[in-house]
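J.: First the structure, which I've put down as structure tokens, then a few questions once you've had a look.
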Amino acid sequence: MAGDIILGYDGSEGSKAALRVAVTVAKAFGAPLTIVFGYEPNPMGGQTADYKFQLEKIGKDHLAEAAGEAKAVDPSVAVEPIVAPLRPVESLLEASLERGARVIVVGGSGERPIVGAILGSVPHKLLHRSTVPVLVVPVPED
């Protein structure tokens with residue numbers, strides 16, 4: 001079974017916890033780690049070039065941080081960052097299909113499950129839509 005380990009990363013505490021687990025999973029499978037930052041462009045029209053540029057910059061900055069952290073955890077794991085102009089769930093699902101993913105790893109939001117179900121959290125949506133396993137890493141307690 002070939003395929004990347006896909007990590008959803010947005011710089012949150014949950015995604016930072018998920019990064020450490022994703023590196024461990026990638027190492028165990030001998031698989032590359034694809035780190036994905038997904039964002040939704042402004043659907044309202046008008047002048048959105050600056051808005052899109054800023055979102056891409058934020059994504060690239062987060063992914064540079066994540067790639068550095070992944071290399072610090074285990075430098076033997078190949079890492080590829082992707083900034084995708086789709087909603088986070090769509091970005092992760094598309095990356096998983098394109099790369100024949102073994103698993104998608106995301107951080108929990110730290111909210112109770114019912115709040116995520118009502119608000120439509122990324123982990124909740126992935127658990128219902130993904131055709132590959134989804135690993136949700138809880139936010140560590142302080």
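Letters A, B, ... mark the chains of the structure tokens in the order given; residue numbers begin at 1 per chain; ligand numbers begin at 1, in order shown.
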If we count only C-alpha atoms, what is near Leu55 of chain A at a cut-off of 10 Å, once residues fewer than 5 positions away on the same chain are taken out, given as a PyMOL selection string?

T.: chain A and resi 37-41+49-50+60-61+83+85

J.: Just the selected residues (all heavy atoms), exported as a compact mmCIF listing (two decimals), in the first residue's frame, please.

T.:
```
# COMPACT_ATOMS: atom_id res chain seq x y z
N PHE A 37 -2.07 23.36 3.80
CA PHE A 37 -2.78 24.52 4.34
C PHE A 37 -3.83 24.89 3.31
O PHE A 37 -3.51 25.30 2.20
CB PHE A 37 -1.81 25.70 4.56
CG PHE A 37 -2.49 26.96 5.04
CD1 PHE A 37 -2.65 27.19 6.40
CD2 PHE A 37 -2.95 27.91 4.14
CE1 PHE A 37 -3.27 28.34 6.85
CE2 PHE A 37 -3.57 29.06 4.58
CZ PHE A 37 -3.73 29.29 5.94
N GLY A 38 -5.09 24.72 3.67
CA GLY A 38 -6.17 25.06 2.75
C GLY A 38 -6.88 26.32 3.21
O GLY A 38 -7.06 26.54 4.41
N TYR A 39 -7.25 27.15 2.26
CA TYR A 39 -7.99 28.37 2.58
C TYR A 39 -9.02 28.60 1.49
O TYR A 39 -8.87 28.14 0.36
CB TYR A 39 -7.05 29.57 2.69
CG TYR A 39 -6.44 29.99 1.37
CD1 TYR A 39 -7.05 30.96 0.58
CD2 TYR A 39 -5.27 29.40 0.90
CE1 TYR A 39 -6.50 31.33 -0.63
CE2 TYR A 39 -4.71 29.77 -0.31
CZ TYR A 39 -5.34 30.73 -1.07
OH TYR A 39 -4.79 31.09 -2.27
N GLU A 40 -10.06 29.29 1.85
CA GLU A 40 -11.11 29.58 0.89
C GLU A 40 -10.98 31.02 0.43
O GLU A 40 -11.03 31.94 1.24
CB GLU A 40 -12.48 29.36 1.52
CG GLU A 40 -13.61 29.66 0.56
CD GLU A 40 -14.97 29.47 1.19
OE1 GLU A 40 -15.07 29.47 2.42
OE2 GLU A 40 -15.93 29.33 0.43
N PRO A 41 -10.79 31.22 -0.88
CA PRO A 41 -10.77 32.60 -1.39
C PRO A 41 -12.11 33.29 -1.14
O PRO A 41 -13.14 32.62 -1.04
CB PRO A 41 -10.52 32.44 -2.89
CG PRO A 41 -9.97 31.07 -3.04
CD PRO A 41 -10.55 30.25 -1.92
N ALA A 49 -7.45 40.29 -4.88
CA ALA A 49 -6.05 39.89 -5.11
C ALA A 49 -5.21 40.06 -3.85
O ALA A 49 -4.43 39.18 -3.51
CB ALA A 49 -5.46 40.69 -6.27
N ASP A 50 -5.37 41.19 -3.15
CA ASP A 50 -4.60 41.41 -1.92
C ASP A 50 -4.99 40.41 -0.84
O ASP A 50 -4.14 39.89 -0.13
CB ASP A 50 -4.81 42.83 -1.39
CG ASP A 50 -4.15 43.89 -2.26
OD1 ASP A 50 -3.23 43.53 -3.03
OD2 ASP A 50 -4.56 45.05 -2.18
N LYS A 60 2.00 29.91 3.46
CA LYS A 60 3.41 29.60 3.23
C LYS A 60 4.22 29.74 4.53
O LYS A 60 5.10 28.92 4.80
CB LYS A 60 3.98 30.49 2.14
CG LYS A 60 3.48 30.12 0.77
CD LYS A 60 3.98 31.08 -0.29
CE LYS A 60 3.38 30.73 -1.64
NZ LYS A 60 3.78 31.68 -2.69
N ASP A 61 3.92 30.77 5.31
CA ASP A 61 4.62 30.96 6.58
C ASP A 61 4.34 29.81 7.55
O ASP A 61 5.26 29.27 8.18
CB ASP A 61 4.23 32.29 7.24
CG ASP A 61 4.75 33.51 6.49
OD1 ASP A 61 5.62 33.35 5.60
OD2 ASP A 61 4.26 34.63 6.78
N VAL A 83 0.08 24.75 -0.36
CA VAL A 83 -0.93 25.77 -0.07
C VAL A 83 -2.00 25.61 -1.13
O VAL A 83 -1.72 25.71 -2.32
CB VAL A 83 -0.34 27.20 -0.11
CG1 VAL A 83 -1.42 28.23 0.10
CG2 VAL A 83 0.76 27.35 0.94
N PRO A 85 -5.87 26.71 -2.57
CA PRO A 85 -6.94 27.70 -2.49
C PRO A 85 -8.34 27.07 -2.52
O PRO A 85 -9.19 27.41 -3.32
CB PRO A 85 -6.70 28.56 -3.74
CG PRO A 85 -6.13 27.60 -4.72
CD PRO A 85 -5.29 26.64 -3.91
```

J.: Excluding same-chain residues fewer than 4 positions from Gly11 of chain A, what lies within 8 Å of it counting only C-alpha atoms, as a list in words?

T.: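 Final neighbour list, sorted by chain and number: Ser15, Lys16, His62 and Ala66 of chain A.
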
J.: Write a file of the selected residues as a short mmCIF file (atom, residue, chain, number, x, y, z; two decimals), in the first residue's frame, keeping N, CA, C and O atoms.

T.:
```cif
data_model
loop_
_atom_site.label_atom_id
_atom_site.label_comp_id
_atom_site.auth_asym_id
_atom_site.auth_seq_id
_atom_site.Cartn_x
_atom_site.Cartn_y
_atom_site.Cartn_z
N SER A 15 -3.12 21.54 15.39
CA SER A 15 -2.33 21.12 14.22
C SER A 15 -0.87 20.89 14.59
O SER A 15 -0.21 20.04 14.00
N LYS A 16 -0.37 21.61 15.58
CA LYS A 16 1.00 21.38 16.04
C LYS A 16 1.13 20.00 16.69
O LYS A 16 2.12 19.29 16.49
N HIS A 62 3.06 29.42 7.65
CA HIS A 62 2.71 28.30 8.52
C HIS A 62 3.39 27.01 8.05
O HIS A 62 3.87 26.23 8.86
N ALA A 66 5.95 24.52 9.88
CA ALA A 66 5.62 23.10 10.04
C ALA A 66 6.72 22.21 9.46
O ALA A 66 7.08 21.20 10.07
#
```

J.: Separation of atom CA of Gly108 of chain A and atom CA of Pro32 of chain A, in Å?

T.: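 Going from atom CA of Gly108 of chain A over to atom CA of Pro32 of chain A, I get 22.3 Å.
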
J.: Just checking: using only C-alpha atoms, which residue out of A:Ala31, A:Leu7, A:Val132, A:Ala64 ends up closest to Pro88 of chain A?

T.: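 Comparing A:Ala31, A:Leu7, A:Val132, A:Ala64 against Pro88 of chain A, the winner is A:Leu7.
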
J.: List as JSON, numbers by chain the protein and nucleic acid residues near Leu127 of chain A, meaning an atom at most 12 Å away when only C-alpha atoms are counted, but skip any in the same chain fewer than 2 places from it.

T.: {"A": [89, 92, 93, 103, 104, 105, 106, 108, 116, 117, 120, 121, 122, 123, 124, 125, 129, 130, 131, 132, 133, 134, 135, 136]}

J.: Using DSSP assignments from the backbone, pull out every residue in segment 14-134 of chain A that falls under helix (DSSP H, G or I) and give it to me as number ranges by chain.

T.: A: 14-29, 49-73, 88-98, 113-119, 122-129

J.: Tell me which of A:Leu63, A:Val77, A:Ala72, A:Ala84 sits closest to Val25 of chain A, counting only C-alpha atoms.

T.: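 The shortest atom-to-atom distance to Val25 of chain A comes from A:Val77.
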
J.: Between A:Leu126, A:Ile35, A:Ile58, A:Ala95, which has the minimum distance to Gly8 of chain A (counting only C-alpha atoms)?

T.: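 For Gly8 of chain A, the nearest of the given residues is A:Ile35.
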
J.: When distances are computed from only C-alpha atoms, which of A:Gly107, A:Gly68, A:His128, A:Glu80 shows the smallest separation from Glu13 of chain A?

T.: A:Gly107

J.: Could you check which of A:Ala26, A:Asp10, A:Ala18, A:Pro138 is closest to Ser76 of chain A, using only C-alpha atoms?

T.: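 Checking each candidate against Ser76 of chain A, we get A:Ala26 as the closest.
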
J.: Take atom CA of Glu56 of chain A and atom CA of Pro81 of chain A and report the distance between them in Å, one decimal.

T.: 12.2 Å
